[in-house]
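Structure first, commentary second.
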2 protein chains.
Amino acid sequence: MPATPRARPEKSTLSLEAIVATTLDLVSEVGYEAVSMRRVAKALETGPASLYVYVQDRRELMALAHDLAIARVVLPDDSDGDWRERLELLVDRVVVALSRRGDIASVGLVDVPTGPHTLRVTEEVLRLLRLGGIDDAACAWAADLLAQYISSSALEIAARLRAQRELERSAGSERATEAAMTAAFSARLDTVYRSVSPEEHPTIHALAPLLTGGGGDRASWKLRVIIDGLLAQRSP
Amino acid sequence: MPATPRARPEKSTLSLEAIVATTLDLVSEVGYEAVSMRRVAKALETGPASLYVYVQDRRELMALAHDLAIARVVLPDDSDGDWRERLELLVDRVVVALSRRGDIASVGLVDVPTGPHTLRVTEEVLRLLRLGGIDDAACAWAADLLAQYISSSALEIAARLRAQRELERSAGSERATEAAMTAAFSARLDTVYRSVSPEEHPTIHALAPLLTGGGGDRASWKLRVIIDGLLAQRSP
DNA sequence: ACCTGAACACCGTTCAAGT
DNA sequence: ACCTGAACACCGTTCAAGT
């Protein structure tokens with residue numbers, strides 16, 4: 001029972017571009033850990049060995065997917081304000097771009113990405129920091145600190161988005177219990193902190209409601225702390 | 001050809017403690033990714049299924065190993081100075097404890113650890129921040145930021161230690177080329193930044209020598225930035 | 001009750017052999 | 001030259017069957 005010729009698109013020739021785009025799409029759907037070379041190959045209707053013609057190993061493929069995820073980030077321009085406003089806007093755009101693609105940001109915690117789009121962003125971050133009058137050495141280290149901030153914030157937001165999406169996906173269905181459990185998973189931390197012994201850990205106990213909340217405020221607050229901390233180094 | 005009774009220690013009864021300790025030792029030796037349930041089981045002279053009597057899954061086992069890694073961290077006391085000095089000392093002790101155990105700190109980037117020793121440290125971090133007059137909400141978020149700092153700094157130091165150890169291990173041997181390559185791996189980033197186009201990425205090009213150096217200074221500098229940034233939030 | 005052999009359903013990567 | 005089937009040496013986890 002052969003499929004109609006146009007039942008699915010012609011099997012296009014393999015290309016690095018197609019492999020990387022497919023990888024990123026899969027990560028968005030099923031997550032970084034679950035995307036294997038074999039799964040990418042299957043999605044492209046080929047065998048896993050074929051991928052190795054274009055890519056050294058899984059690590060390299062994931063690095064390329066990570067770089068692709070930020071490819072469309074637009075650099076702020078003069079109309080976006082002074083160096084600090086532009087820096088905050090740029091960092092936020094990268095976080096948003098990454099968090100839209102599942103947990104692809106994990107790559108940035110495992111590896112230091114050096115793809116062309118990452119370099120483009122890094123160049124602009126360094127340029128803006130210098131515009132702000134930050135020391136050269138401080139610029140270098142600050143870029144590192146900001147990169148960490150970007151990866152971890154993107155992961156945090158991605159986790160929230162995922163929990164929310166799964167809650168909605170099963171709202172009203174008979175799978176509501178499962179959905180509640182997924183939501184509970186994202187609240188696991190909250191439960192741990194709230195159930196800590198008030199005698200042994202009085203401060204955790206007292207601050208429990210604050211330790212897991214915050215949402216977007218939390219991320220932008222962290223960014224403000226980092227930049228204010230940078231500025232404090234400016235005058236010796 | 002049966003082994004002499006005392007050729008190796010009696011096969012001790014399996015216990016959670018022994019499993020976690022063995023896991024941490026293996027991570028120290030061969031790294032987080034390379035430690036599989038099967039490898040832990042083999043080190044304990046049993047089959048992988050036996051581990052599941054004591055532990056839910058690999059994630060939980062790694063979380064327990066991570067917690068064990070900071071078990072011996074001693075909290076600073078009154079003689080160690082004011083809240084800020086004590087906080088810096090505590091954070092540094094955790095970083096050192098983790099970085100001695102290979103890349104076990106990876107666990108802290110994937111998961112939010114909540115073992116007893118992690119809670120003990122978190123409690124003290126929060127208490128010290130409050131002593132410093134930081135807002136409750138800011139304390140909560142700062143603890144998060146510091147936890148990120150700890151994990152990533154420990155990983156960075158562990159990578160440096162590993163490169164150094166491997167360089168020494170093969171010094172003078174006929175494997176010197178391989179050792180040089182390992183060292184080169186840790187310098188890969190440096191190479192990337194130094195070979196970037198000066199027209200396309202002038203700032204990266206200019207700062208290249210600063211982007212990968214720093215060592216321990218870099219880490220303590222980051223910590224200072226975070227705390228200074230926190231203090232800047234104190235007065236509205 | 002505690003433990004585990006064997007199986008299930010996967011991995012990343014290599015390489016000889018195909019077109 | 002480009003591609004890939006088949007194999008190698010592994011995975012995490014489960015469960016029926018042992019003691």
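Identifiers in the structure tokens: chain A, B, ... in order shown; residue index from 1 per chain; ligand index from 1 in order shown.
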Give as a PyMOL selection string every residue of chain A that touches chain C within 9 Å, counting only C-alpha atoms (C1' of nucleotides). chain A and resi 36-38+49+52+57-58
Considering only C-alpha atoms, extract the chain A residues located within 6 Å of chain B and return them as a count of residues only. 13
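Interatomic distance, CA of Ala63 (chain A) against CA of Arg100 (chain A): 16.5 Å.
Excluding Val27 (chain A) itself and any same-chain residue fewer than 4 positions from it, the protein and nucleic acid residues within 12 Å of it, counting only C-alpha atoms (C1' of nucleotides), are A:Val20, A:Ala21, A:Thr22, A:Thr23, A:Gly31, A:Tyr32, A:Glu33, A:Ala34, A:Val35, A:Ser36, A:Met37, A:Arg39, A:Val40, A:Leu61, A:Met62, A:Ala65, A:His66, A:Ala69, A:Leu98, A:Ser99, A:Arg100, A:Arg101, A:Gly102, A:Asp103, A:Ile104, A:Ala105, A:Ser106, A:Val107, A:Ala158.
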Would you output that residue set with C-alpha atoms, as a short mmCIF file (atom, residue, chain, number, x, y, z; two decimals), in the first residue's frame?
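Everything below was put into out.cif:
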data_model
loop_
_atom_site.label_atom_id
_atom_site.label_comp_id
_atom_site.auth_asym_id
_atom_site.auth_seq_id
_atom_site.Cartn_x
_atom_site.Cartn_y
_atom_site.Cartn_z
CA VAL A 20 20.00 21.54 12.46
CA ALA A 21 16.50 22.94 11.90
CA THR A 22 14.96 19.53 12.55
CA THR A 23 17.02 19.14 15.70
CA GLY A 31 13.30 18.44 25.12
CA TYR A 32 17.07 18.43 24.90
CA GLU A 33 17.70 15.09 26.63
CA ALA A 34 15.12 13.21 24.62
CA VAL A 35 16.51 14.26 21.23
CA SER A 36 18.87 11.52 20.11
CA MET A 37 20.80 11.25 16.88
CA ARG A 39 15.41 10.44 16.54
CA VAL A 40 16.72 13.29 14.40
CA LEU A 61 24.73 19.34 16.53
CA MET A 62 23.21 20.73 19.71
CA ALA A 65 20.78 24.16 17.14
CA HIS A 66 21.43 26.55 20.04
CA ALA A 69 17.67 29.49 18.17
CA LEU A 98 15.83 30.66 23.68
CA SER A 99 12.90 30.02 25.99
CA ARG A 100 10.59 29.63 22.99
CA ARG A 101 12.63 26.61 21.95
CA GLY A 102 12.10 24.31 24.89
CA ASP A 103 15.19 23.68 26.96
CA ILE A 104 17.70 24.28 24.17
CA ALA A 105 19.32 26.77 26.58
CA SER A 106 20.75 23.75 28.42
CA VAL A 107 23.43 23.75 25.75
CA ALA A 158 10.89 27.39 29.40
#
Which of region 3-207 of chain B fall in alpha helix (DSSP H), as a PyMOL selection string: chain B and resi 16-30+37-43+48-51+58-69+83-99+106-110+116-131+136-169+176-186+188-194+202-207
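Between CA of Asp135 (chain B) and CA of Asp111 (chain B) the interatomic distance comes to 25.9 Å.
CA of Ser220 (chain B) is positioned 20.8 Å from CA of Ser79 (chain B).
Proximity ranking of B:Leu146, B:Leu26, B:Glu166, B:Leu131 relative to Asp92 (chain B) places B:Leu146 first, based on only C-alpha atoms.
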